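What follows is final_3.txt (compact mmCIF, C-alpha atoms).
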```txt
# COMPACT_ATOMS: atom_id res chain seq x y z
CA MET A 84 0.00 0.00 0.00
CA ARG A 85 2.81 2.33 0.98
CA ASN A 86 4.67 1.65 -2.31
CA ARG A 87 1.50 2.32 -4.30
CA LEU A 88 1.01 5.63 -2.49
CA MET A 89 4.60 6.68 -3.07
CA GLY A 90 4.27 5.80 -6.76
CA SER A 91 1.11 7.91 -7.08
CA LEU A 92 2.81 10.87 -5.40
CA ALA A 93 5.76 10.58 -7.79
CA VAL A 94 3.46 10.62 -10.83
CA MET A 95 1.58 13.63 -9.48
CA ALA A 96 4.85 15.46 -8.83
CA ALA A 97 6.04 14.74 -12.35
CA LEU A 98 2.79 16.01 -13.82
CA ALA A 99 3.04 19.14 -11.70
CA ILE A 100 6.52 20.10 -12.89
CA THR A 101 6.08 19.05 -16.52
CA PRO A 102 4.28 22.28 -17.60
CA VAL A 103 7.06 24.32 -15.97
CA ILE A 104 9.74 22.40 -17.85
CA LEU A 105 7.82 22.73 -21.08
CA ALA A 106 7.31 26.44 -20.51
CA GLN A 107 11.04 26.97 -19.93
CA THR A 108 11.90 24.98 -23.05
CA ALA A 109 9.46 27.00 -25.13
CA ALA A 110 10.86 30.25 -23.76
CA GLN A 111 14.40 29.19 -24.47
CA TRP A 112 13.45 28.09 -27.97
CA GLY A 113 11.66 31.37 -28.59
CA ALA A 114 14.71 33.31 -27.45
CA ALA A 115 16.93 31.26 -29.74
CA LYS A 116 14.63 31.86 -32.70
CA THR A 117 14.96 35.63 -32.29
CA MET A 118 18.69 35.41 -32.99
CA PRO A 119 19.73 36.02 -36.61
CA ASP A 120 20.29 32.87 -38.61
CA LEU A 121 23.57 32.91 -40.52
CA SER A 122 23.30 29.32 -41.73
CA GLY A 123 24.07 28.47 -45.35
CA VAL A 124 26.81 28.32 -47.95
CA TRP A 125 28.41 31.69 -48.67
CA ASN A 126 30.69 32.95 -51.48
CA LEU A 127 32.76 36.12 -51.48
CA VAL A 128 31.33 38.79 -53.80
CA PRO A 129 33.96 39.74 -56.44
CA GLU A 130 35.30 43.26 -56.12
CA GLN A 131 36.42 45.70 -58.76
CA GLY A 132 40.17 46.17 -59.05
CA GLY A 133 41.11 42.59 -58.26
CA ALA A 134 40.91 42.92 -54.47
CA GLY A 135 38.95 39.71 -53.98
CA SER A 136 41.81 37.70 -52.47
CA ARG A 137 43.22 40.74 -50.61
CA PHE A 138 41.84 42.69 -47.68
CA ILE A 139 43.32 45.92 -49.04
CA LEU A 140 45.37 46.65 -52.18
CA GLU A 141 47.65 49.18 -50.53
CA ASP A 142 50.46 48.09 -48.23
CA PRO A 143 49.25 47.07 -44.76
CA PRO A 144 50.60 49.08 -41.78
CA LEU A 145 53.54 46.77 -41.07
CA GLN A 146 56.46 47.07 -38.70
CA PRO A 147 59.83 47.48 -40.53
CA TRP A 148 60.82 43.82 -40.18
CA ALA A 149 57.40 42.68 -41.46
CA MET A 150 57.45 45.19 -44.33
CA GLU A 151 60.82 43.83 -45.45
CA ILE A 152 59.39 40.31 -45.60
CA TYR A 153 56.26 41.58 -47.35
CA LYS A 154 58.29 43.28 -50.09
CA ARG A 155 60.34 40.14 -50.55
CA HIS A 156 57.16 38.10 -50.93
CA ARG A 157 55.89 40.51 -53.59
CA ALA A 158 59.15 41.23 -55.42
CA GLY A 159 57.79 44.32 -57.20
CA ARG A 160 54.46 42.84 -58.29
CA ALA A 161 51.52 45.10 -59.15
CA PRO A 162 49.10 45.89 -56.29
CA SER A 163 46.35 43.71 -57.73
CA GLU A 164 48.64 40.69 -58.11
CA GLN A 165 49.29 37.97 -55.57
CA GLY A 166 52.64 37.34 -53.92
CA LEU A 167 55.23 35.03 -55.41
CA ASP A 168 54.01 31.46 -55.77
CA SER A 169 57.42 30.09 -54.87
CA LEU A 170 57.21 31.75 -51.44
CA ASP A 171 53.50 31.20 -50.83
CA PRO A 172 52.83 28.82 -47.90
CA LEU A 173 49.92 27.31 -49.86
CA THR A 174 52.40 26.19 -52.52
CA TRP A 175 54.13 24.19 -49.82
CA CYS A 176 50.89 22.62 -48.55
CA PHE A 177 50.37 24.74 -45.44
CA PRO A 178 46.76 25.57 -44.46
CA PRO A 179 45.64 29.12 -45.32
CA GLY A 180 44.69 30.20 -41.79
CA PRO A 181 41.45 31.93 -40.69
CA THR A 182 42.06 35.29 -42.38
CA ARG A 183 43.08 34.13 -45.84
CA ILE A 184 40.56 31.30 -45.93
CA MET A 185 37.75 33.86 -45.67
CA LEU A 186 38.84 35.38 -48.99
CA ASP A 187 39.77 32.40 -51.14
CA TYR A 188 37.19 29.66 -50.53
CA PRO A 189 33.43 29.14 -50.11
CA PHE A 190 32.29 28.28 -46.61
CA GLU A 191 29.22 26.95 -44.85
CA ILE A 192 27.92 28.23 -41.51
CA ILE A 193 26.11 25.80 -39.22
CA GLN A 194 24.49 27.17 -36.05
CA VAL A 195 23.83 24.89 -33.10
CA PRO A 196 23.13 25.78 -29.46
CA ASN A 197 26.19 27.39 -27.85
CA LYS A 198 28.37 26.99 -30.94
CA LEU A 199 28.72 28.17 -34.52
CA VAL A 200 30.71 25.98 -36.91
CA MET A 201 32.26 27.12 -40.18
CA LEU A 202 33.16 24.49 -42.78
CA PHE A 203 35.52 25.43 -45.61
CA GLU A 204 36.05 23.92 -49.03
CA VAL A 205 39.82 23.49 -48.66
CA SER A 206 41.67 20.84 -46.63
CA ASN A 207 38.52 20.02 -44.65
CA GLY A 208 38.98 23.33 -42.83
CA VAL A 209 36.85 23.84 -39.72
CA ARG A 210 36.41 26.78 -37.37
CA GLN A 211 34.56 26.30 -34.10
CA ILE A 212 33.18 29.49 -32.55
CA TYR A 213 32.09 28.96 -28.95
CA MET A 214 28.95 30.88 -27.98
CA ASP A 215 28.52 29.67 -24.37
CA GLY A 216 30.14 32.63 -22.64
CA ARG A 217 33.57 31.09 -22.14
CA GLU A 218 36.79 33.10 -22.35
CA HIS A 219 39.94 32.25 -24.27
CA PRO A 220 41.99 29.67 -22.34
CA GLU A 221 45.29 30.96 -20.96
CA SER A 222 47.40 28.13 -22.37
CA TRP A 223 45.77 27.52 -25.75
CA PRO A 224 48.40 26.07 -28.15
CA PHE A 225 49.15 28.14 -31.23
CA GLY A 226 47.40 26.62 -34.25
CA TRP A 227 46.24 27.21 -37.80
CA MET A 228 42.68 28.34 -36.94
CA GLY A 229 43.28 29.59 -33.41
CA HIS A 230 40.65 29.77 -30.67
CA SER A 231 37.41 31.64 -31.39
CA ILE A 232 34.64 32.84 -29.08
CA GLY A 233 31.52 34.74 -30.12
CA LYS A 234 28.62 36.76 -28.80
CA TRP A 235 25.60 38.54 -30.22
CA GLU A 236 25.38 42.33 -30.18
CA LYS A 237 21.81 42.85 -31.38
CA ASP A 238 21.82 41.53 -34.97
CA THR A 239 25.62 41.26 -35.22
CA LEU A 240 27.74 38.25 -34.34
CA VAL A 241 31.09 39.39 -32.91
CA VAL A 242 33.83 36.75 -33.15
CA ASP A 243 37.13 37.09 -31.30
CA THR A 244 40.07 34.88 -32.37
CA VAL A 245 43.53 34.43 -30.83
CA GLY A 246 46.05 31.59 -30.49
CA LEU A 247 47.28 31.68 -34.10
CA ASN A 248 50.68 30.59 -35.29
CA ASP A 249 52.83 32.78 -37.56
CA LYS A 250 53.21 30.33 -40.46
CA THR A 251 50.51 31.69 -42.81
CA TRP A 252 50.26 34.68 -45.12
CA PHE A 253 47.69 37.20 -44.00
CA ASP A 254 46.08 37.10 -47.45
CA ALA A 255 47.22 36.37 -51.00
CA GLY A 256 49.26 39.57 -51.07
CA GLY A 257 52.00 38.06 -48.92
CA ALA A 258 51.76 40.11 -45.73
CA PRO A 259 53.15 38.27 -42.70
CA HIS A 260 51.87 38.33 -39.15
CA SER A 261 53.11 37.11 -35.79
CA ASP A 262 51.70 34.79 -33.13
CA ALA A 263 50.25 37.88 -31.43
CA LEU A 264 47.62 38.30 -34.17
CA HIS A 265 44.19 39.13 -32.76
CA VAL A 266 41.24 39.01 -35.17
CA VAL A 267 37.78 40.44 -34.51
CA GLU A 268 35.02 39.75 -37.05
CA ARG A 269 31.55 41.28 -37.05
CA PHE A 270 29.06 39.15 -39.04
CA ARG A 271 25.78 40.79 -40.05
CA ARG A 272 23.15 39.43 -42.41
CA VAL A 273 21.95 42.60 -44.08
CA ASP A 274 19.29 40.76 -46.06
CA HIS A 275 18.39 37.14 -46.85
CA ASP A 276 21.06 36.73 -49.52
CA THR A 277 23.80 39.04 -48.22
CA LEU A 278 26.28 38.62 -45.38
CA GLU A 279 28.71 41.38 -44.42
CA VAL A 280 31.82 40.66 -42.39
CA GLU A 281 33.81 43.54 -40.94
CA PHE A 282 37.36 42.51 -40.01
CA THR A 283 39.63 44.22 -37.49
CA PHE A 284 43.25 43.08 -37.09
CA GLU A 285 45.67 43.79 -34.27
CA ASP A 286 49.22 42.48 -33.96
CA ARG A 287 51.53 44.38 -31.64
CA LYS A 288 54.57 42.55 -33.04
CA ALA A 289 53.89 42.92 -36.79
CA PHE A 290 51.53 45.91 -37.28
CA THR A 291 52.09 49.58 -36.49
CA LYS A 292 48.38 50.04 -35.73
CA PRO A 293 45.08 48.12 -35.87
CA TRP A 294 43.52 48.00 -39.32
CA GLY A 295 40.75 46.20 -41.12
CA ALA A 296 38.38 45.81 -44.05
CA LYS A 297 34.80 44.85 -44.84
CA LYS A 298 33.85 42.01 -47.19
CA THR A 299 30.50 40.96 -48.63
CA TYR A 300 29.32 37.39 -49.18
CA ARG A 301 26.39 36.03 -51.19
CA LEU A 302 24.18 33.13 -50.11
CA ARG A 303 24.33 30.09 -52.43
CA PRO A 304 21.41 27.88 -51.37
CA ASN A 305 21.97 25.32 -54.13
CA GLN A 306 25.72 25.05 -53.72
CA GLU A 307 27.46 22.21 -51.91
CA LEU A 308 31.03 22.39 -50.65
CA LEU A 309 33.53 20.41 -52.67
CA GLU A 310 36.53 18.59 -51.25
CA ARG A 311 39.78 20.36 -52.08
CA ILE A 312 42.99 19.14 -50.52
CA THR A 313 45.93 21.54 -50.39
CA CYS A 314 48.49 20.67 -53.09
CA GLU A 315 46.26 18.03 -54.69
CA ASP A 316 45.82 20.20 -57.78
CA HIS A 317 49.52 20.44 -58.61
CA LEU A 318 51.04 17.23 -57.30
CA GLN A 319 51.43 14.49 -59.86
CA ILE A 320 50.52 10.95 -58.86
CA GLY A 321 54.11 9.82 -59.34
CA ASP A 322 55.40 12.65 -57.14
CA SER A 323 52.87 11.77 -54.45
CA GLU A 324 53.85 8.10 -54.52
CA ALA A 325 57.52 9.00 -54.27
CA TRP A 326 56.79 11.35 -51.37
CA LEU A 327 54.82 8.66 -49.53
CA SER A 328 57.52 6.06 -50.16
CA ASP A 329 60.09 8.43 -48.59
CA ILE A 330 57.90 8.79 -45.52
CA TYR A 331 57.15 5.11 -44.97
CA LYS A 332 60.40 3.46 -46.12
```
Translate this file's structure into structure tokens.
Amino acid sequence: MRNRLMGSLAVMAALAITPVILAQTAAQWGAAKTMPDLSGVWNLVPEQGGAGSRFILEDPPLQPWAMEIYKRHRAGRAPSEQGLDSLDPLTWCFPPGPTRIMLDYPFEIIQVPNKLVMLFEVSNGVRQIYMDGREHPESWPFGWMGHSIGKWEKDTLVVDTVGLNDKTWFDAGGAPHSDALHVVERFRRVDHDTLEVEFTFEDRKAFTKPWGAKKTYRLRPNQELLERITCEDHLQIGDSEAWLSDIYK
């Protein structure tokens, strides 16, 4: 009898709290739905003057040591041209990094609770942007994509990225950066088909001052990301086999 009574009380308690749980879930869902949705596949909108793969065509505000490297990478090329292929890290199979990858390749944004994921068409590139209120960890290892955290400011997603190594070009122009690079991006969907990203760059070791640029991206609802592996397009099968045999012999 006592067990039956306790069971009845448990059922009644569950029924009593169920509407509260459901109400909280609905409220949370409603709050989430008010946030802008950035999901989809996006392509950079071509710019006049050949600046598509560059943030700016003029020389970035570089420290003397960085400017010397930059000029060596360019070797007198016209402003609209890319840096020398022979010195380009992409030629030697390095990943492009989070700044350059935003200019050269399509990407897909996937929004899930507490995280935004960006998938890129080259080298299975992935950026994870944490939206749960965490800070950057103190001992994050320097990497190719760094550590990114984000927050909403009204209709704008503000993404803060640190923890980047110094092995990539800033963009196709050949500008270097250091491991002190700090990137802030402001994503705003101005209409259904248009995404604007405002970039701000700080690097106390390589730049003389903060600087930035704004880029526009177009939604491609019928486009799927392809698989592009760095160096796959210019390595011959024989070269690849010889390279692998050197590694595993």
| Which residue out of A:Ile312, A:Val242, A:Met228, A:Leu121 has the minimum interatomic distance to Arg183 (chain A) when all atoms listed in the file are used? | A:Met228
Non-local contacts of Val205 (chain A) (12 Å; all atoms listed in the file; under 5 positions in same chain excluded) as a compact mmCIF listing (two decimals) with C-alpha atoms, in the coordinates of the input:
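Contents of result_29.txt, freshly written:
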```
# COMPACT_ATOMS: atom_id res chain seq x y z
CA LEU A 173 49.92 27.31 -49.86
CA CYS A 176 50.89 22.62 -48.55
CA PHE A 177 50.37 24.74 -45.44
CA PRO A 178 46.76 25.57 -44.46
CA PRO A 179 45.64 29.12 -45.32
CA GLY A 180 44.69 30.20 -41.79
CA PRO A 181 41.45 31.93 -40.69
CA ARG A 183 43.08 34.13 -45.84
CA ILE A 184 40.56 31.30 -45.93
CA MET A 185 37.75 33.86 -45.67
CA LEU A 186 38.84 35.38 -48.99
CA ASP A 187 39.77 32.40 -51.14
CA TYR A 188 37.19 29.66 -50.53
CA PRO A 189 33.43 29.14 -50.11
CA PHE A 190 32.29 28.28 -46.61
CA GLU A 191 29.22 26.95 -44.85
CA LEU A 308 31.03 22.39 -50.65
CA LEU A 309 33.53 20.41 -52.67
CA GLU A 310 36.53 18.59 -51.25
CA ARG A 311 39.78 20.36 -52.08
CA ILE A 312 42.99 19.14 -50.52
CA THR A 313 45.93 21.54 -50.39
CA CYS A 314 48.49 20.67 -53.09
CA GLU A 315 46.26 18.03 -54.69
CA ASP A 316 45.82 20.20 -57.78
```
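Nearest residue to Ala296 (chain A), choosing from A:Asp142, A:Glu268, A:Asp274, A:Glu236 and counting only C-alpha atoms: A:Glu268.
For the pair CA of Leu302 (chain A) and CA of Glu279 (chain A), the interatomic distance is 11.0 Å.
In terms of minimum interatomic distance to Pro172 (chain A), A:His156 ranks closest within A:Arg301, A:His156, A:Arg210, A:Arg287, counting all atoms listed in the file.
Rounded to one decimal, CA of Val245 (chain A) and CA of Glu281 (chain A) lie 16.7 Å from each other.
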| task | Find the residues around Gln146 (chain A) up to 7 Å (all atoms listed in the file counted), leave out those fewer than 5 positions away in its own chain, and share them as a list in words. | result | Ala289, Phe290 and Thr291 of chain A
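Taking CA of Ile232 (chain A) and CA of Asn126 (chain A) as the two end points, the separation is 22.7 Å.
Nearest residue to Lys292 (chain A) among A:Gly208, A:Glu164, A:Pro224, A:Leu264 is A:Leu264, counting all atoms listed in the file.
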| Using all atoms listed in the file, which residue out of A:Pro220, A:Pro119, A:Gly226, A:Pro304 lies closest to Leu247 (chain A)? | A:Gly226
Can region 276-291 of chain A be brought up to N, CA and C atoms and written out as an mmCIF file, in the coordinates of the input?
```cif
data_model
loop_
_atom_site.group_PDB
_atom_site.id
_atom_site.type_symbol
_atom_site.label_atom_id
_atom_site.label_comp_id
_atom_site.auth_asym_id
_atom_site.auth_seq_id
_atom_site.Cartn_x
_atom_site.Cartn_y
_atom_site.Cartn_z
ATOM 1 N N ASP A 276 20.017 37.268 -48.654
ATOM 2 C CA ASP A 276 21.060 36.730 -49.520
ATOM 3 C C ASP A 276 22.432 37.363 -49.304
ATOM 4 N N THR A 277 22.560 38.272 -48.355
ATOM 5 C CA THR A 277 23.800 39.040 -48.220
ATOM 6 C C THR A 277 24.318 39.001 -46.788
ATOM 7 N N LEU A 278 25.591 38.645 -46.668
ATOM 8 C CA LEU A 278 26.280 38.620 -45.380
ATOM 9 C C LEU A 278 27.469 39.571 -45.455
ATOM 10 N N GLU A 279 27.554 40.490 -44.523
ATOM 11 C CA GLU A 279 28.710 41.380 -44.420
ATOM 12 C C GLU A 279 29.568 40.969 -43.239
ATOM 13 N N VAL A 280 30.879 40.959 -43.465
ATOM 14 C CA VAL A 280 31.820 40.660 -42.390
ATOM 15 C C VAL A 280 32.824 41.806 -42.312
ATOM 16 N N GLU A 281 32.857 42.446 -41.174
ATOM 17 C CA GLU A 281 33.810 43.540 -40.940
ATOM 18 C C GLU A 281 34.965 42.979 -40.109
ATOM 19 N N PHE A 282 36.173 43.072 -40.649
ATOM 20 C CA PHE A 282 37.360 42.510 -40.010
ATOM 21 C C PHE A 282 38.179 43.618 -39.352
ATOM 22 N N THR A 283 38.678 43.344 -38.157
ATOM 23 C CA THR A 283 39.630 44.220 -37.490
ATOM 24 C C THR A 283 40.817 43.372 -37.045
ATOM 25 N N PHE A 284 42.037 43.843 -37.369
ATOM 26 C CA PHE A 284 43.250 43.080 -37.090
ATOM 27 C C PHE A 284 44.179 43.879 -36.183
ATOM 28 N N GLU A 285 44.663 43.204 -35.151
ATOM 29 C CA GLU A 285 45.670 43.790 -34.270
ATOM 30 C C GLU A 285 46.822 42.797 -34.135
ATOM 31 N N ASP A 286 48.033 43.313 -34.149
ATOM 32 C CA ASP A 286 49.220 42.480 -33.960
ATOM 33 C C ASP A 286 50.345 43.410 -33.497
ATOM 34 N N ARG A 287 50.563 43.440 -32.208
ATOM 35 C CA ARG A 287 51.530 44.380 -31.640
ATOM 36 C C ARG A 287 52.954 44.123 -32.117
ATOM 37 N N LYS A 288 53.228 42.888 -32.572
ATOM 38 C CA LYS A 288 54.570 42.550 -33.040
ATOM 39 C C LYS A 288 54.782 42.902 -34.514
ATOM 40 N N ALA A 289 53.727 42.783 -35.335
ATOM 41 C CA ALA A 289 53.890 42.920 -36.790
ATOM 42 C C ALA A 289 53.260 44.175 -37.369
ATOM 43 N N PHE A 290 52.238 44.759 -36.729
ATOM 44 C CA PHE A 290 51.530 45.910 -37.280
ATOM 45 C C PHE A 290 51.871 47.171 -36.484
ATOM 46 N N THR A 291 51.866 48.309 -37.168
ATOM 47 C CA THR A 291 52.090 49.580 -36.490
ATOM 48 C C THR A 291 50.821 50.122 -35.851
#
```
